[in-house]
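Asker: Next up, my_file08.cif (mmCIF, C-alpha atoms and all ligand atoms).
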```cif
data_entry
loop_
_atom_site.label_atom_id
_atom_site.label_comp_id
_atom_site.auth_asym_id
_atom_site.auth_seq_id
_atom_site.Cartn_x
_atom_site.Cartn_y
_atom_site.Cartn_z
CA MET S 28 265.39 -155.93 10.53
CA GLU S 29 267.81 -156.49 13.36
CA SER S 30 265.62 -159.20 14.87
CA ILE S 31 265.46 -161.13 11.60
CA ASN S 32 269.27 -160.98 11.37
CA THR S 33 269.57 -162.33 14.92
CA PHE S 34 267.07 -165.05 14.02
CA ARG S 35 269.10 -165.89 10.88
CA LEU S 36 272.29 -166.12 12.98
CA LEU S 37 270.52 -168.40 15.47
CA CYS S 38 269.29 -170.70 12.69
CA THR S 39 272.73 -170.82 11.05
CA THR S 40 274.24 -171.75 14.43
CA GLY S 41 271.57 -174.44 14.81
CA THR S 42 272.40 -175.85 11.36
CA VAL S 43 276.13 -175.99 12.12
CA ALA S 44 275.43 -177.60 15.51
CA GLY S 45 273.10 -180.11 13.78
CA ALA S 46 275.84 -180.97 11.29
CA MET S 47 278.32 -181.54 14.16
CA ILE S 48 275.87 -183.82 15.98
CA MET S 49 275.21 -185.85 12.82
CA ILE S 50 278.94 -186.16 12.09
CA ALA S 51 279.47 -187.41 15.66
CA LEU S 52 276.57 -189.89 15.38
CA GLU S 53 277.95 -191.16 12.04
CA ARG S 54 281.21 -191.97 13.86
CA LYS S 55 279.47 -193.60 16.82
CA TYR S 56 276.68 -195.52 15.05
CA PRO S 57 277.67 -195.94 11.38
CA TYR S 58 275.23 -197.52 8.89
CA SER S 59 278.21 -198.46 6.76
CA LYS S 60 281.35 -199.04 8.85
CA THR S 61 283.74 -198.83 5.91
CA GLN S 62 282.69 -195.35 4.75
CA ARG S 63 285.31 -192.64 5.15
CA PHE S 64 284.64 -189.07 6.35
CA PHE S 65 286.76 -187.48 3.61
CA ARG S 66 285.16 -189.61 0.91
CA GLU S 67 285.36 -189.07 -2.84
CA GLY S 68 283.94 -185.66 -3.79
CA PHE S 69 283.89 -184.32 -0.20
CA PHE S 70 285.56 -180.98 -0.96
CA ASN S 71 283.61 -180.52 -4.19
CA ASP S 72 280.31 -181.07 -2.35
CA PHE S 73 281.29 -178.90 0.59
CA PHE S 74 282.86 -175.95 -1.20
CA TRP S 75 281.02 -175.73 -4.53
CA TYR S 76 277.58 -177.11 -3.69
CA THR S 77 277.15 -176.20 -0.01
CA LEU S 78 278.89 -172.83 0.13
CA VAL S 79 279.02 -171.33 -3.37
CA GLN S 80 275.97 -172.77 -5.18
CA SER S 81 273.61 -172.39 -2.21
CA PHE S 82 274.65 -168.77 -1.72
CA VAL S 83 274.40 -167.77 -5.39
CA LEU S 84 271.05 -169.51 -5.96
CA GLY S 85 269.67 -168.16 -2.67
CA LEU S 86 270.41 -164.63 -3.91
CA ALA S 87 268.96 -165.38 -7.35
CA ILE S 88 265.71 -166.68 -5.83
CA SER S 89 265.29 -163.68 -3.55
CA PHE S 90 265.80 -161.32 -6.53
CA LEU S 91 263.28 -163.39 -8.48
CA ALA S 92 260.77 -163.08 -5.62
CA GLU S 93 261.23 -159.29 -5.57
CA TRP S 94 260.75 -159.12 -9.32
CA VAL S 95 257.59 -161.30 -9.20
CA ASP S 96 256.24 -159.03 -6.47
CA THR S 97 256.81 -155.88 -8.51
CA GLN S 98 254.90 -157.53 -11.38
CA THR S 99 252.04 -159.02 -9.36
CA GLY S 100 251.97 -157.34 -5.94
CA TRP S 101 251.21 -160.72 -4.31
CA SER S 102 252.87 -159.69 -1.05
CA ARG S 103 249.76 -157.58 -0.30
CA PHE S 104 247.85 -160.80 0.53
CA THR S 105 248.27 -161.14 4.27
CA PHE S 106 246.04 -164.12 5.13
CA ILE S 107 248.90 -166.64 5.53
CA ARG S 108 251.23 -164.10 7.18
CA GLU S 109 248.61 -163.44 9.85
CA GLN S 110 248.67 -167.06 11.04
CA HIS S 111 250.88 -168.37 13.85
CA LEU S 112 254.48 -169.02 12.75
CA MET S 113 254.14 -172.76 13.43
CA THR S 114 250.91 -172.95 11.39
CA GLN S 115 252.67 -171.22 8.49
CA LEU S 116 255.67 -173.52 8.79
CA ALA S 117 253.44 -176.64 8.82
CA PHE S 118 251.45 -175.36 5.84
CA PHE S 119 254.51 -174.65 3.67
CA LEU S 120 256.25 -177.82 4.83
CA ILE S 121 253.38 -180.18 3.99
CA THR S 122 252.40 -178.59 0.66
CA HIS S 123 256.01 -178.41 -0.56
CA ASP S 124 256.75 -181.94 0.60
CA PHE S 125 253.78 -183.26 -1.41
CA TYR S 126 254.97 -181.34 -4.48
CA ILE S 127 258.55 -182.58 -4.13
CA TYR S 128 257.38 -186.21 -3.84
CA TRP S 129 255.69 -185.97 -7.25
CA PHE S 130 258.38 -183.89 -8.96
CA HIS S 131 261.04 -186.27 -7.65
CA ARG S 132 259.06 -189.25 -8.90
CA LEU S 133 258.66 -187.57 -12.30
CA GLN S 134 262.41 -186.98 -12.48
CA HIS S 135 262.95 -190.72 -12.15
CA HIS S 136 260.54 -191.43 -15.01
CA SER S 137 261.48 -188.72 -17.48
CA LYS S 138 264.68 -189.00 -19.46
CA THR S 139 264.99 -185.21 -19.65
CA LEU S 140 264.27 -184.44 -15.99
CA TRP S 141 266.55 -187.29 -14.87
CA ARG S 142 269.45 -185.31 -16.35
CA ILE S 143 269.14 -182.64 -13.66
CA HIS S 144 268.61 -185.23 -10.88
CA GLU S 145 271.52 -187.47 -11.88
CA ALA S 146 274.08 -185.36 -9.98
CA HIS S 147 272.18 -186.04 -6.75
CA HIS S 148 272.44 -189.79 -7.36
CA SER S 149 276.10 -189.70 -8.35
CA VAL S 150 277.49 -189.75 -4.79
CA ARG S 151 279.14 -193.11 -4.09
CA ASP S 152 279.35 -192.68 -0.31
CA VAL S 153 276.05 -191.35 1.00
CA ASP S 154 276.61 -189.25 4.12
CA TRP S 155 275.49 -186.07 5.94
CA LEU S 156 276.92 -183.93 3.10
CA ALA S 157 275.72 -186.02 0.14
CA GLY S 158 272.28 -184.38 -0.06
CA MET S 159 273.88 -181.07 -0.99
CA ARG S 160 274.98 -182.40 -4.37
CA SER S 161 272.11 -181.40 -6.62
CA HIS S 162 272.30 -179.82 -10.07
CA SER S 163 271.89 -176.01 -10.01
CA LEU S 164 268.89 -176.21 -12.35
CA GLU S 165 267.15 -178.74 -10.11
CA ILE S 166 267.70 -176.44 -7.12
CA LEU S 167 266.58 -173.38 -9.07
CA ILE S 168 263.30 -175.06 -10.08
CA ASN S 169 262.54 -176.68 -6.72
CA GLN S 170 263.60 -173.82 -4.49
CA SER S 171 261.79 -171.21 -6.60
CA ILE S 172 258.60 -173.26 -6.23
CA GLU S 173 259.35 -173.67 -2.54
CA PHE S 174 260.52 -170.19 -1.54
CA LEU S 175 258.64 -167.81 -3.84
CA PRO S 176 255.29 -168.43 -2.08
CA ILE S 177 257.03 -168.23 1.31
CA LEU S 178 258.80 -164.96 0.50
CA LEU S 179 255.68 -163.40 -1.01
CA LEU S 180 252.97 -164.70 1.32
CA GLY S 181 254.65 -165.82 4.55
CA SER S 182 256.34 -164.07 7.46
CA PRO S 183 260.05 -163.27 6.91
CA GLU S 184 261.03 -165.76 9.66
CA ILE S 185 259.47 -168.64 7.73
CA ALA S 186 261.97 -168.51 4.85
CA VAL S 187 264.82 -168.71 7.38
CA LEU S 188 263.11 -171.41 9.45
CA LYS S 189 262.14 -173.52 6.44
CA GLY S 190 265.68 -173.22 5.02
CA THR S 191 267.01 -174.49 8.36
CA VAL S 192 264.56 -177.41 8.52
CA ASP S 193 265.45 -178.32 4.91
CA ALA S 194 269.18 -178.25 5.64
CA LEU S 195 268.91 -180.34 8.83
CA TRP S 196 266.50 -182.86 7.31
CA GLY S 197 268.58 -183.15 4.15
CA MET S 198 271.62 -183.98 6.26
CA TYR S 199 269.64 -186.46 8.35
CA ILE S 200 268.07 -188.55 5.57
CA HIS S 201 271.43 -188.98 3.81
CA SER S 202 273.50 -189.47 6.96
CA ASN S 203 275.53 -192.61 7.48
CA ILE S 204 273.75 -193.22 10.80
CA ASP S 205 272.29 -196.61 11.60
CA VAL S 206 268.83 -195.35 12.57
CA HIS S 207 266.06 -197.74 13.58
CA SER S 208 263.00 -195.57 13.97
CA GLY S 209 260.45 -198.41 14.10
CA LYS S 210 256.87 -197.35 13.37
CA LEU S 211 258.01 -193.73 13.01
CA GLN S 212 259.36 -194.61 9.55
CA TYR S 213 255.72 -194.79 8.40
CA LEU S 214 255.42 -191.08 9.20
CA ILE S 215 258.83 -189.47 9.13
CA ASN S 216 261.43 -190.19 6.51
CA GLY S 217 264.98 -190.99 7.53
CA PRO S 218 268.22 -192.64 6.39
CA GLU S 219 266.73 -196.14 6.69
CA MET S 220 264.68 -195.56 3.54
CA HIS S 221 266.47 -192.70 1.79
CA ARG S 222 269.80 -194.55 1.67
CA TRP S 223 267.95 -197.27 -0.27
CA HIS S 224 266.76 -194.57 -2.67
CA HIS S 225 270.43 -193.92 -3.47
CA ALA S 226 271.36 -197.60 -3.70
CA ASP S 227 272.69 -198.82 -6.99
CA GLU S 228 270.75 -202.06 -6.56
CA GLU S 229 268.03 -202.93 -9.03
CA GLU S 230 265.33 -203.93 -6.57
CA ALA S 231 265.52 -200.47 -4.97
CA TYR S 232 265.32 -198.44 -8.22
CA ASN S 233 262.42 -195.98 -8.41
CA GLN S 234 261.35 -196.40 -4.80
CA ASN S 235 261.35 -194.21 -1.66
CA PHE S 236 260.78 -190.78 -3.23
CA SER S 237 259.71 -189.09 0.01
CA THR S 238 261.85 -186.40 1.57
CA LYS S 239 260.43 -185.42 4.96
CA ILE S 240 257.04 -187.03 5.30
CA ALA S 241 257.28 -190.77 4.63
CA ILE S 242 253.49 -191.14 4.28
CA TRP S 243 253.56 -190.30 0.54
CA ASP S 244 255.62 -193.39 -0.25
CA TRP S 245 253.29 -195.61 1.75
CA ILE S 246 250.11 -194.12 0.26
CA PHE S 247 251.33 -194.17 -3.34
CA LYS S 248 253.03 -197.56 -2.99
CA THR S 249 256.62 -196.61 -3.75
CA THR S 250 258.36 -198.16 -0.76
CA TYR S 251 261.40 -200.37 -0.61
CA PHE S 252 262.17 -201.21 2.98
CA PRO S 253 263.56 -204.73 3.37
CA LYS S 254 263.87 -205.91 6.95
CA GLY S 255 267.33 -206.80 8.17
CA LYS S 256 269.07 -205.78 4.96
CA LYS S 257 271.27 -202.77 4.28
CA ALA S 258 272.11 -200.92 1.09
CA SER S 259 275.78 -201.29 0.28
CA ARG S 260 276.44 -199.82 -3.16
CA TYR S 261 275.51 -196.27 -4.18
CA GLY S 262 275.97 -194.01 -7.17
CA LEU S 263 275.62 -194.43 -10.90
CA SER S 264 277.23 -197.44 -12.49
CA GLU S 265 276.00 -196.79 -16.04
CA VAL S 266 277.72 -193.41 -16.55
CA ASP S 267 281.19 -192.13 -15.84
CA PHE S 268 280.05 -189.12 -13.81
CA PRO S 269 282.58 -186.23 -13.81
CA LYS S 270 284.34 -185.25 -10.58
CA ASN S 271 284.64 -181.50 -11.13
CA TYR S 272 281.70 -179.21 -10.23
CA PHE S 273 281.60 -177.38 -13.57
CA HIS S 274 281.87 -180.61 -15.56
CA GLN S 275 279.06 -182.07 -13.42
CA GLN S 276 276.86 -179.11 -14.31
CA ALA S 277 277.65 -179.39 -18.02
CA PHE S 278 277.16 -183.18 -18.00
CA ALA S 279 273.37 -182.71 -17.76
CA PHE S 280 273.39 -181.19 -21.25
CA ARG S 281 275.27 -183.98 -23.06
CA LYS S 282 273.68 -185.60 -26.10
CA PHE S 283 271.14 -188.34 -25.55
CA GLU S 284 272.33 -191.71 -26.75
CA ASP S 285 269.02 -193.22 -27.77
CA ASP S 286 270.56 -196.30 -29.30
CA VAL S 287 272.23 -197.31 -26.04
CA VAL S 288 270.17 -199.65 -23.86
CA SER S 289 270.02 -197.90 -20.52
CA GLU S 290 270.46 -199.76 -17.26
CA SER S 291 269.97 -196.62 -15.24
CA PRO S 292 267.51 -196.36 -12.36
CA VAL S 293 265.38 -194.08 -14.52
CA GLU S 294 262.60 -195.50 -16.63
CA THR S 295 262.68 -193.56 -19.88
CA ASP S 296 259.52 -191.83 -21.03
CA SER S 297 259.99 -192.86 -24.62
ZN ZN R 1 266.02 -189.59 -6.68
ZN ZN R 2 268.96 -188.00 -1.69
#
```
Any chance you could give the structure as C-alpha cells?
Answerer:
Amino acid sequence: MESINTFRLLCTTGTVAGAMIMIALERKYPYSKTQRFFREGFFNDFFWYTLVQSFVLGLAISFLAEWVDTQTGWSRFTFIREQHLMTQLAFFLITHDFYIYWFHRLQHHSKTLWRIHEAHHSVRDVDWLAGMRSHSLEILINQSIEFLPILLLGSPEIAVLKGTVDALWGMYIHSNIDVHSGKLQYLINGPEMHRWHHADEEEAYNQNFSTKIAIWDWIFKTTYFPKGKKASRYGLSEVDFPKNYFHQQAFAFRKFEDDVVSESPVETDS
C-alpha cells in the first residue's frame, strides 16, 4: 500500500515536471508566436477541468470498478497481472489507443456524440493545458472503458502509470511547441498533426483522429499534414461556446436545430 502511494507521488511529480518542461519549450520554440500563456479560458481549464473534474471523475470510476468487481468478480483473473509491468502497459496502451481512434472518429460523424466532444474543440488557443477541456460525459465514457479493465485485470501500478502517460501525452500533442519529428510522425502522434485536428480550417476538418499512435491515421487514411504550412485558427466558429464550466457542461444538452445548415467540422449522421 505504502509502495503504491510512493509510486503515485513519483508519477505526480513526473507529471508536474513534464508540464514545466512543456511550458518552457512553448516559450522557447513556439508553434504560434502570438499565443499568450494566460489565454482565454486558462483558469477555467486549469481549475475546473484539470483539478476538480479529473479528481471527481477519477473517484467515480474507481467506485464503478469496485462495484463491477463485486458483481462479476473479474479481478480473480490474473493472466494479465502476471505479465511484466511494461508488457501490461503496452497492451493497455495499444488496445485503448485503437479504441479511442474509432470512438473519436465516430464523435466527429455523429451529431449526438459530437455534442460531448464539442467542448474539447472549443479552445481558441491550443496549448499544453487545452487537452484537459473535455466534457465530463466524454471523460466518463472513455476513462471507464480505459480504466475499468486496468483496475480489474492489471497490476495496481498500471492505472497510475497509464494515467501519467495519458496526462503527459495529452499535454504534448496540444502543446504550442514547434515540433518537427520527421519520419517519427508516422509512428508517434504529436502537436504537428494534432494542432491541425483542432484547426478551424475546412481542409483539416475530420482528419488526424489519432492520440498517441499516429499509425491509425495513416492506415485508415485520415491524415492532414501539409508540408510547410501551420494551423492558425482554432475553436468553433459556428457556435457561441459558453465560457463558464457549468454552462459548458449544460451546452451539450441544448436543443438540436435541425433546420440550421451546419458548417461545423462534424458531418451529421442524418
Ligand atoms: Zn476531435
Ligand atoms: Zn485535442
Asker: Under the rule that all atoms listed in the file are counted, which of S:Pro176, S:Ser149, S:Ala231, S:Val83 is the nearest residue to Pro253 of chain S?
Answerer: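 For Pro253 of chain S, the nearest of the candidates is S:Ala231.
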Asker: May I have the residues within 7 Å of ligand ZN 1 (chain R), computed using all atoms listed in the file, as a list in words?
Answerer: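 Using all atoms listed in the file, everything at most 7 Å from ligand ZN 1 (chain R) comes to His131, His135, His144, His148, His224, His225 and Phe236 of chain S.
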Asker: Kindly extract all protein, DNA and RNA residues lying within 8 Å of the coordinates (263.5, -179.6, -9.9) given in the file, considering only C-alpha atoms, and supply them as an mmCIF file with C-alpha atoms, in the frame of the given file.
Answerer:
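Produced file point_9.cif, reproduced below:
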```
data_model
loop_
_atom_site.group_PDB
_atom_site.id
_atom_site.type_symbol
_atom_site.label_atom_id
_atom_site.label_comp_id
_atom_site.auth_asym_id
_atom_site.auth_seq_id
_atom_site.Cartn_x
_atom_site.Cartn_y
_atom_site.Cartn_z
ATOM 1 C CA PHE S 130 258.380 -183.890 -8.960
ATOM 2 C CA HIS S 131 261.040 -186.270 -7.650
ATOM 3 C CA GLN S 134 262.410 -186.980 -12.480
ATOM 4 C CA LEU S 140 264.270 -184.440 -15.990
ATOM 5 C CA ILE S 143 269.140 -182.640 -13.660
ATOM 6 C CA HIS S 144 268.610 -185.230 -10.880
ATOM 7 C CA LEU S 164 268.890 -176.210 -12.350
ATOM 8 C CA GLU S 165 267.150 -178.740 -10.110
ATOM 9 C CA ILE S 166 267.700 -176.440 -7.120
ATOM 10 C CA LEU S 167 266.580 -173.380 -9.070
ATOM 11 C CA ILE S 168 263.300 -175.060 -10.080
ATOM 12 C CA ASN S 169 262.540 -176.680 -6.720
ATOM 13 C CA GLN S 170 263.600 -173.820 -4.490
#
```
Asker: Around ligand ZN 2 (chain R), which protein and nucleic acid residues have at least one atom no more than 10 Å from it, if we count all atoms listed in the file? List them as number ranges by chain.
Answerer: S: 144, 147-150, 153-154, 157-161, 197-198, 200-202, 218, 221-225, 235-238
Asker: Which one is closest to Arg63 of chain S: S:Trp245, S:Phe125, S:Trp101, S:Trp155? Count only C-alpha atoms.
Answerer: S:Trp155
Asker: For each of S:Phe283, S:Tyr232, S:Tyr261, S:Trp129, take the minimum atom-to-atom distance to Gln62 of chain S, counting all atoms listed in the file, then give the residue where this is smallest.
Answerer: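 Nearest candidate to Gln62 of chain S out of S:Phe283, S:Tyr232, S:Tyr261, S:Trp129: S:Tyr261.
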Asker: Once N, CA and C atoms are restored for segment 163-195 of chain S, what would the output be as a short mmCIF file (atom, residue, chain, number, x, y, z; two decimals), keeping the file's coordinate frame?
Answerer:
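The file below, selection35.cif, is the result:
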```
data_model
loop_
_atom_site.label_atom_id
_atom_site.label_comp_id
_atom_site.auth_asym_id
_atom_site.auth_seq_id
_atom_site.Cartn_x
_atom_site.Cartn_y
_atom_site.Cartn_z
N SER S 163 272.38 -177.38 -10.26
CA SER S 163 271.89 -176.01 -10.01
C SER S 163 270.49 -175.78 -10.59
N LEU S 164 270.21 -176.40 -11.73
CA LEU S 164 268.89 -176.21 -12.35
C LEU S 164 267.79 -176.89 -11.54
N GLU S 165 268.11 -178.03 -10.97
CA GLU S 165 267.15 -178.74 -10.11
C GLU S 165 266.83 -177.88 -8.88
N ILE S 166 267.88 -177.30 -8.30
CA ILE S 166 267.70 -176.44 -7.12
C ILE S 166 266.91 -175.20 -7.49
N LEU S 167 267.26 -174.61 -8.64
CA LEU S 167 266.58 -173.38 -9.07
C LEU S 167 265.08 -173.63 -9.26
N ILE S 168 264.72 -174.74 -9.87
CA ILE S 168 263.30 -175.06 -10.08
C ILE S 168 262.63 -175.32 -8.72
N ASN S 169 263.19 -176.26 -7.97
CA ASN S 169 262.54 -176.68 -6.72
C ASN S 169 262.50 -175.59 -5.66
N GLN S 170 263.60 -174.85 -5.54
CA GLN S 170 263.60 -173.82 -4.49
C GLN S 170 262.82 -172.58 -4.89
N SER S 171 262.66 -172.33 -6.20
CA SER S 171 261.79 -171.21 -6.60
C SER S 171 260.36 -171.57 -6.25
N ILE S 172 259.97 -172.81 -6.55
CA ILE S 172 258.60 -173.26 -6.23
C ILE S 172 258.39 -173.29 -4.72
N GLU S 173 259.45 -173.60 -4.00
CA GLU S 173 259.35 -173.67 -2.54
C GLU S 173 259.34 -172.27 -1.90
N PHE S 174 260.32 -171.44 -2.28
CA PHE S 174 260.52 -170.19 -1.54
C PHE S 174 259.77 -168.98 -2.07
N LEU S 175 259.38 -168.98 -3.35
CA LEU S 175 258.64 -167.81 -3.84
C LEU S 175 257.34 -167.59 -3.06
N PRO S 176 256.52 -168.65 -2.88
CA PRO S 176 255.29 -168.43 -2.08
C PRO S 176 255.60 -168.02 -0.64
N ILE S 177 256.68 -168.58 -0.07
CA ILE S 177 257.03 -168.23 1.31
C ILE S 177 257.44 -166.76 1.39
N LEU S 178 258.31 -166.34 0.46
CA LEU S 178 258.80 -164.96 0.50
C LEU S 178 257.69 -163.96 0.21
N LEU S 179 256.74 -164.35 -0.64
CA LEU S 179 255.68 -163.40 -1.01
C LEU S 179 254.51 -163.40 -0.02
N LEU S 180 254.20 -164.60 0.52
CA LEU S 180 252.97 -164.70 1.32
C LEU S 180 253.21 -164.95 2.81
N GLY S 181 254.40 -165.45 3.16
CA GLY S 181 254.65 -165.82 4.55
C GLY S 181 255.37 -164.74 5.33
N SER S 182 255.54 -164.98 6.63
CA SER S 182 256.34 -164.07 7.46
C SER S 182 257.81 -164.24 7.11
N PRO S 183 258.63 -163.18 7.27
CA PRO S 183 260.05 -163.27 6.91
C PRO S 183 260.78 -164.39 7.64
N GLU S 184 260.35 -164.69 8.88
CA GLU S 184 261.03 -165.76 9.66
C GLU S 184 260.87 -167.13 9.01
N ILE S 185 259.77 -167.31 8.27
CA ILE S 185 259.47 -168.64 7.73
C ILE S 185 260.52 -169.08 6.70
N ALA S 186 260.97 -168.16 5.85
CA ALA S 186 261.97 -168.51 4.85
C ALA S 186 263.23 -169.01 5.55
N VAL S 187 263.62 -168.33 6.64
CA VAL S 187 264.82 -168.71 7.38
C VAL S 187 264.61 -170.06 8.07
N LEU S 188 263.44 -170.19 8.71
CA LEU S 188 263.11 -171.41 9.45
C LEU S 188 263.00 -172.62 8.52
N LYS S 189 262.33 -172.43 7.39
CA LYS S 189 262.14 -173.52 6.44
C LYS S 189 263.49 -173.93 5.83
N GLY S 190 264.34 -172.93 5.55
CA GLY S 190 265.68 -173.22 5.02
C GLY S 190 266.48 -174.06 6.02
N THR S 191 266.31 -173.75 7.31
CA THR S 191 267.01 -174.49 8.36
C THR S 191 266.49 -175.93 8.46
N VAL S 192 265.16 -176.07 8.46
CA VAL S 192 264.56 -177.41 8.52
C VAL S 192 265.02 -178.24 7.31
N ASP S 193 265.01 -177.63 6.13
CA ASP S 193 265.45 -178.32 4.91
C ASP S 193 266.89 -178.82 5.05
N ALA S 194 267.76 -177.91 5.53
CA ALA S 194 269.18 -178.25 5.64
C ALA S 194 269.39 -179.40 6.63
N LEU S 195 268.74 -179.30 7.80
CA LEU S 195 268.91 -180.34 8.83
C LEU S 195 268.33 -181.68 8.36
#
```
